[in-house]
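*Asks:* So I've got this file, model27.tsv, and it contains TSV, C-alpha atoms:
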```tsv
chain	number	residue	atom	x	y	z
X	1	MET	CA	50.81	-25.01	28.46
X	2	ILE	CA	47.14	-24.53	27.53
X	3	ARG	CA	45.65	-21.11	28.25
X	4	ALA	CA	42.26	-20.79	29.89
X	5	ARG	CA	39.49	-18.66	28.41
X	6	PRO	CA	38.47	-15.66	30.53
X	7	GLU	CA	34.90	-16.91	30.88
X	8	GLU	CA	36.13	-20.10	32.57
X	9	TRP	CA	38.75	-18.53	34.84
X	10	TRP	CA	36.51	-17.91	37.87
X	11	ARG	CA	34.37	-20.43	39.74
X	12	THR	CA	31.61	-19.64	42.25
X	13	GLN	CA	30.25	-21.97	44.95
X	14	PRO	CA	27.49	-20.95	47.43
X	15	LYS	CA	28.45	-21.96	50.99
X	16	GLY	CA	25.32	-20.98	52.93
X	17	ASP	CA	24.86	-18.08	55.35
X	18	GLY	CA	24.87	-15.64	52.43
X	19	VAL	CA	28.51	-16.58	51.71
X	20	THR	CA	29.84	-17.50	48.27
X	21	LEU	CA	33.30	-18.86	47.53
X	22	ILE	CA	34.89	-17.42	44.39
X	23	ASP	CA	38.14	-18.99	43.27
X	24	GLU	CA	40.49	-19.57	40.34
X	25	PRO	CA	40.44	-23.33	39.57
X	26	PHE	CA	43.40	-23.28	37.17
X	27	ILE	CA	45.81	-22.14	39.89
X	28	GLU	CA	47.47	-24.97	41.81
X	29	PRO	CA	45.68	-25.54	45.15
X	30	PHE	CA	48.58	-24.37	47.33
X	31	TYR	CA	48.58	-20.94	45.63
X	32	ARG	CA	44.84	-20.66	44.99
X	33	CYS	CA	43.27	-17.91	47.09
X	34	ASN	CA	39.74	-18.19	48.42
X	35	VAL	CA	37.81	-15.04	47.54
X	36	TRP	CA	34.78	-14.67	49.81
X	37	HIS	CA	31.62	-12.76	48.87
X	38	ILE	CA	29.23	-11.97	51.72
X	39	ARG	CA	25.72	-10.67	51.11
X	40	GLY	CA	24.41	-7.95	53.43
X	41	SER	CA	21.15	-6.03	53.53
X	42	ASP	CA	22.71	-2.62	52.75
X	43	ARG	CA	25.89	-3.61	50.95
X	44	ASP	CA	28.03	-6.66	50.24
X	45	MET	CA	31.59	-7.49	51.27
X	46	LEU	CA	34.42	-9.13	49.37
X	47	VAL	CA	37.26	-10.65	51.36
X	48	ASP	CA	40.33	-10.74	49.08
X	49	SER	CA	40.25	-10.66	45.30
X	50	GLY	CA	42.59	-13.23	43.76
X	51	MET	CA	45.56	-12.69	41.46
X	52	GLY	CA	44.03	-10.10	39.17
X	53	VAL	CA	44.92	-11.93	35.95
X	54	VAL	CA	41.26	-11.95	34.84
X	55	SER	CA	38.75	-9.26	35.84
X	56	LEU	CA	36.34	-10.13	38.64
X	57	ARG	CA	33.91	-7.37	37.68
X	58	ASP	CA	33.77	-8.45	34.04
X	59	TRP	CA	33.28	-12.17	34.63
X	60	VAL	CA	31.61	-12.63	38.04
X	61	PRO	CA	28.25	-10.79	38.02
X	62	LEU	CA	27.78	-11.42	41.75
X	63	VAL	CA	30.32	-8.72	42.65
X	64	THR	CA	28.52	-5.97	40.72
X	65	GLU	CA	24.96	-6.58	41.94
X	66	ARG	CA	25.21	-4.34	45.02
X	67	GLN	CA	27.44	-1.72	46.60
X	68	LEU	CA	30.48	-3.62	47.80
X	69	THR	CA	33.32	-3.20	50.28
X	70	ALA	CA	36.52	-5.00	49.23
X	71	VAL	CA	38.62	-6.03	52.23
X	72	ALA	CA	42.20	-7.28	52.04
X	73	SER	CA	42.99	-9.92	54.65
X	74	HIS	CA	46.62	-9.02	53.83
X	75	THR	CA	48.55	-7.81	50.79
X	76	HIS	CA	50.20	-10.82	49.16
X	77	PHE	CA	49.72	-11.06	45.38
X	78	ASP	CA	47.16	-13.87	45.44
X	79	HIS	CA	44.81	-11.86	47.67
X	80	ILE	CA	44.68	-8.32	46.23
X	81	GLY	CA	44.92	-8.65	42.44
X	82	CYS	CA	41.45	-7.26	41.67
X	83	HIS	CA	41.16	-4.73	44.48
X	84	HIS	CA	41.71	-1.89	42.01
X	85	GLU	CA	38.34	-2.77	40.43
X	86	PHE	CA	36.39	-1.63	43.50
X	87	ASP	CA	35.85	1.89	44.83
X	88	ASP	CA	35.60	0.95	48.53
X	89	ARG	CA	38.85	-0.72	49.64
X	90	CYS	CA	39.88	-1.63	53.19
X	91	VAL	CA	43.18	-2.88	54.58
X	92	HIS	CA	44.94	-2.84	57.94
X	93	TRP	CA	46.99	0.33	58.24
X	94	LEU	CA	50.25	-1.63	58.61
X	95	GLU	CA	49.93	-2.86	55.01
X	96	ALA	CA	48.36	0.20	53.42
X	97	GLY	CA	51.68	1.05	51.82
X	98	ILE	CA	51.81	-2.25	49.97
X	99	LEU	CA	48.26	-1.92	48.65
X	100	ALA	CA	49.17	1.54	47.35
X	101	ASP	CA	52.52	0.44	45.91
X	102	PRO	CA	52.34	-3.33	45.36
X	103	THR	CA	55.82	-4.18	44.09
X	104	ARG	CA	56.63	-7.72	43.07
X	105	ALA	CA	58.87	-8.18	46.11
X	106	ALA	CA	56.44	-6.65	48.62
X	107	THR	CA	53.51	-8.80	47.42
X	108	LEU	CA	55.64	-11.99	47.11
X	109	ALA	CA	54.98	-12.18	43.37
X	110	ASP	CA	58.76	-12.42	43.33
X	111	PRO	CA	59.66	-15.27	43.78
X	112	TYR	CA	56.37	-17.22	43.77
X	113	VAL	CA	54.71	-16.28	40.48
X	114	THR	CA	55.94	-18.61	37.75
X	115	ASP	CA	54.15	-20.66	35.10
X	116	GLU	CA	54.44	-23.66	37.45
X	117	ILE	CA	51.74	-22.34	39.81
X	118	PHE	CA	49.11	-22.79	37.08
X	119	GLU	CA	47.31	-25.85	35.75
X	120	ARG	CA	46.30	-23.66	32.81
X	121	LEU	CA	47.84	-20.30	32.08
X	122	PRO	CA	45.67	-17.19	32.23
X	123	PRO	CA	44.51	-15.71	28.91
X	124	LEU	CA	46.86	-13.58	26.84
X	125	PRO	CA	48.52	-11.14	27.32
X	126	TYR	CA	49.41	-12.62	30.72
X	127	ALA	CA	53.08	-13.50	31.28
X	128	SER	CA	54.50	-14.63	34.62
X	129	THR	CA	57.73	-12.70	34.05
X	130	THR	CA	55.92	-9.36	33.89
X	131	TYR	CA	53.01	-10.05	36.25
X	132	GLU	CA	52.40	-7.41	38.90
X	133	VAL	CA	49.51	-6.30	41.06
X	134	ARG	CA	47.90	-2.99	40.15
X	135	ARG	CA	47.95	-0.27	42.79
X	136	ALA	CA	44.73	0.19	44.76
X	137	PRO	CA	45.18	2.72	47.57
X	138	ALA	CA	42.89	2.06	50.52
X	139	THR	CA	39.83	4.21	51.08
X	140	ARG	CA	39.61	3.02	54.70
X	141	LEU	CA	42.38	1.95	57.05
X	142	LEU	CA	41.48	-0.76	59.53
X	143	GLU	CA	42.71	-1.57	62.99
X	144	ASP	CA	41.88	-4.12	65.65
X	145	GLY	CA	38.31	-3.82	66.90
X	146	ASP	CA	36.93	-1.92	63.92
X	147	VAL	CA	33.59	-3.07	62.52
X	148	ILE	CA	32.57	-3.53	58.90
X	149	ASP	CA	28.81	-2.96	58.83
X	150	LEU	CA	26.72	-4.46	56.02
X	151	GLY	CA	23.40	-3.38	57.51
X	152	ASP	CA	22.11	-6.62	58.97
X	153	ARG	CA	25.61	-8.06	59.48
X	154	ARG	CA	28.58	-6.77	61.45
X	155	PHE	CA	32.11	-8.11	61.13
X	156	GLU	CA	34.72	-7.29	63.76
X	157	VAL	CA	38.30	-6.81	62.59
X	158	ILE	CA	40.75	-8.99	64.51
X	159	HIS	CA	44.37	-8.04	63.89
X	160	THR	CA	46.27	-11.29	63.33
X	161	PRO	CA	49.92	-10.47	62.61
X	162	GLY	CA	52.40	-13.27	62.09
X	163	HIS	CA	52.00	-14.36	58.49
X	164	SER	CA	52.29	-10.66	57.63
X	165	PRO	CA	52.27	-7.52	59.80
X	166	GLY	CA	48.80	-6.29	58.84
X	167	GLY	CA	47.00	-9.58	58.53
X	168	ILE	CA	43.40	-9.56	59.73
X	169	ALA	CA	40.55	-11.96	60.38
X	170	LEU	CA	36.87	-10.96	60.26
X	171	TRP	CA	34.56	-12.27	62.99
X	172	GLU	CA	30.76	-12.33	62.88
X	173	ALA	CA	29.79	-13.12	66.47
X	174	ALA	CA	26.07	-13.47	65.68
X	175	THR	CA	26.67	-16.42	63.35
X	176	GLY	CA	30.00	-17.81	64.57
X	177	ILE	CA	31.60	-17.23	61.15
X	178	LEU	CA	35.31	-16.41	60.95
X	179	PHE	CA	37.09	-15.32	57.79
X	180	SER	CA	40.63	-16.11	58.85
X	181	GLY	CA	42.80	-14.98	55.94
X	182	ASP	CA	46.19	-16.70	55.93
X	183	ILE	CA	46.89	-16.86	59.66
X	184	VAL	CA	45.11	-20.22	59.89
X	185	TYR	CA	43.53	-22.54	57.33
X	186	ASP	CA	43.32	-26.29	56.79
X	187	GLY	CA	46.60	-26.75	54.93
X	188	PRO	CA	50.33	-25.98	55.15
X	189	LEU	CA	50.75	-22.62	56.87
X	190	ILE	CA	53.34	-20.12	55.64
X	191	GLU	CA	55.34	-18.75	58.56
X	192	ASP	CA	58.56	-17.65	56.83
X	193	THR	CA	57.80	-14.79	54.45
X	194	TYR	CA	60.09	-11.74	54.50
X	195	HIS	CA	57.77	-9.97	56.95
X	196	SER	CA	56.51	-12.92	59.01
X	197	ASP	CA	57.10	-12.85	62.76
X	198	ALA	CA	57.10	-15.99	64.93
X	199	ALA	CA	56.16	-14.28	68.19
X	200	ASP	CA	53.28	-12.42	66.54
X	201	TYR	CA	52.10	-15.64	64.90
X	202	HIS	CA	51.99	-17.37	68.28
X	203	ARG	CA	50.01	-14.54	69.88
X	204	SER	CA	47.53	-14.52	67.02
X	205	MET	CA	46.94	-18.26	67.27
X	206	VAL	CA	46.40	-18.03	71.03
X	207	ARG	CA	43.88	-15.27	70.47
X	208	LEU	CA	41.92	-17.25	67.86
X	209	LEU	CA	41.93	-20.51	69.82
X	210	ASP	CA	38.97	-19.80	72.08
X	211	LEU	CA	36.74	-17.92	69.66
X	212	PRO	CA	33.38	-19.76	69.64
X	213	VAL	CA	33.55	-20.35	65.90
X	214	ARG	CA	30.97	-22.41	64.06
X	215	VAL	CA	32.67	-22.30	60.67
X	216	VAL	CA	35.98	-20.93	59.42
X	217	HIS	CA	36.46	-19.72	55.86
X	218	GLY	CA	40.21	-19.44	55.35
X	219	GLY	CA	42.37	-17.80	52.74
X	220	HIS	CA	43.19	-21.18	51.17
X	221	PHE	CA	41.87	-24.76	51.15
X	222	PRO	CA	38.41	-25.96	52.30
X	223	SER	CA	36.35	-24.43	55.09
X	224	TYR	CA	36.04	-26.28	58.39
X	225	ASP	CA	34.12	-26.31	61.66
X	226	GLY	CA	34.91	-25.13	65.17
X	227	ILE	CA	36.13	-28.52	66.38
X	228	ARG	CA	38.66	-28.70	63.56
X	229	HIS	CA	39.64	-25.08	64.22
X	230	ARG	CA	40.49	-25.67	67.85
X	231	THR	CA	42.23	-28.97	67.14
X	232	MET	CA	44.47	-27.44	64.48
X	233	ILE	CA	45.45	-24.48	66.64
X	234	ARG	CA	46.08	-26.63	69.74
X	235	ASP	CA	48.28	-28.95	67.68
X	236	TRP	CA	50.17	-25.97	66.25
X	237	LEU	CA	50.68	-24.44	69.70
X	238	ASP	CA	51.76	-27.77	71.19
X	239	GLU	CA	54.36	-28.14	68.47
X	240	LYS	CA	55.68	-24.63	69.04
X	241	ASP	CA	55.60	-24.85	72.83
X	242	GLY	CA	56.91	-28.41	73.00
```
Is it possible to give me this structure as structure tokens?
*Replies:*
Amino acid sequence: MIRARPEEWWRTQPKGDGVTLIDEPFIEPFYRCNVWHIRGSDRDMLVDSGMGVVSLRDWVPLVTERQLTAVASHTHFDHIGCHHEFDDRCVHWLEAGILADPTRAATLADPYVTDEIFERLPPLPYASTTYEVRRAPATRLLEDGDVIDLGDRRFEVIHTPGHSPGGIALWEAATGILFSGDIVYDGPLIEDTYHSDAADYHRSMVRLLDLPVRVVHGGHFPSYDGIRHRTMIRDWLDEKDG
């Protein structure tokens, strides 16, 4: 398989509202994490950080322009790979242990990371058989109701267990923007990882249903509006409750 060059590994796409999507186009869409950069007046925020196979700081100048808080929506391999590159790292306390000791099993690199998840392989010396996330102990532990303050922007932490125990969403009430992580996005949801919980998943979806969202930026697949958000969750709940 062809290997990508490091300078072409990352892609950036402005999405309005001071939000930029950063992603890895040579990863198959199902496994491709959305990395979200949010501009604030005092500091910026990064929600998730991709696989870590190519440096974000070296190849995406946007993430080094300002002081930056790197938040983990949860601790699966595709979301925390570059967290070690940032000094200010936040995660829900229930998954702090994984961020500090990200084994292949705990991060789901085993069994998901194989050459088949790529359209082009990362640059050498990458090898799927030896891939692992680098440890990045949290500098701040989050819990439900906490606020991440960027100066002119405030994001409330919503604990959304179900996909994983310490999954979180970030809600900006002033703009109606929700960064939903992997609890809900416009694609096939993963409800059967080793630490998923069906009852927690249901409670999280009920909680997110009535948020007055304007736009949702999920952990995977394209962003969508509030109408789509409520339709997807109602359909999911109807299927579970039916």
*Asks:* Kindly assemble as CSV a list of the segment 21-122 of chain X residues that lie within 10 Å of segment 191-210 of chain X, each paired with its nearest atom pair and their distance in Å to one decimal, using all atoms listed in the file, sorted first by chain and then by ascending residue number.
*Replies:*
```
residue,atom,partner,partner_atom,distance
X:Ala105,CA,X:Tyr194,CA,9.2
X:Ala106,CA,X:Tyr194,CA,8.6
X:Leu108,CA,X:Thr193,CA,8.1
```
*Asks:* With distances taken over all atoms listed in the file, which residue among X:Arg11, X:Arg43, X:Arg57, X:His37 lies nearest Asp149 of chain X?
*Replies:*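 Looking only at the distances to Asp149 of chain X, the closest residue turns out to be X:Arg43.
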*Asks:* Which residue is closest to Thr160 of chain X? Choose from X:Arg135, X:Arg5, X:His229, X:His92 and count all atoms listed in the file.
*Replies:*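 Under the stated criterion, the closest residue is X:His92.
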*Asks:* Return as a Markdown table the residues of segment 85-201 of chain X lying at most 9 Å from segment 223-227 of chain X, together with the closest atom-to-atom pair for each and the distance in Å to one decimal, counting only C-alpha atoms, with rows in chain order and ascending residue number.
*Replies:*
```
| residue | atom | partner | partner_atom | distance |
| --- | --- | --- | --- | --- |
| X:Gly176 | CA | X:Gly226 | CA | 8.8 |
| X:Tyr185 | CA | X:Ser223 | CA | 7.8 |
| X:Asp186 | CA | X:Ser223 | CA | 7.4 |
```
*Asks:* Rounded to one decimal in Å, what is the spacing between atom CA of Pro165 of chain X and atom CA of Leu237 of chain X?
*Replies:*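 A separation of 19.7 Å between them.
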*Asks:* What separation in Å, quoted to one decimal, exists between atom CA of Leu62 of chain X and atom CA of Ala173 of chain X?
*Replies:*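 Between atom CA of Leu62 of chain X and atom CA of Ala173 of chain X the gap works out to 24.9 Å.
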*Asks:* Compare X:Lys15, X:Ala138, X:Asp23, X:Met1 by their minimum atom-to-atom distance to Val215 of chain X, counting all atoms listed in the file, and give me the closest one.
*Replies:*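 When distances to Val215 of chain X are compared using all atoms listed in the file, the smallest one comes from X:Lys15.
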*Asks:* So what do you get for atom CA of Leu178 of chain X versus atom CA of Arg140 of chain X, distance-wise?
*Replies:* 20.9 Å
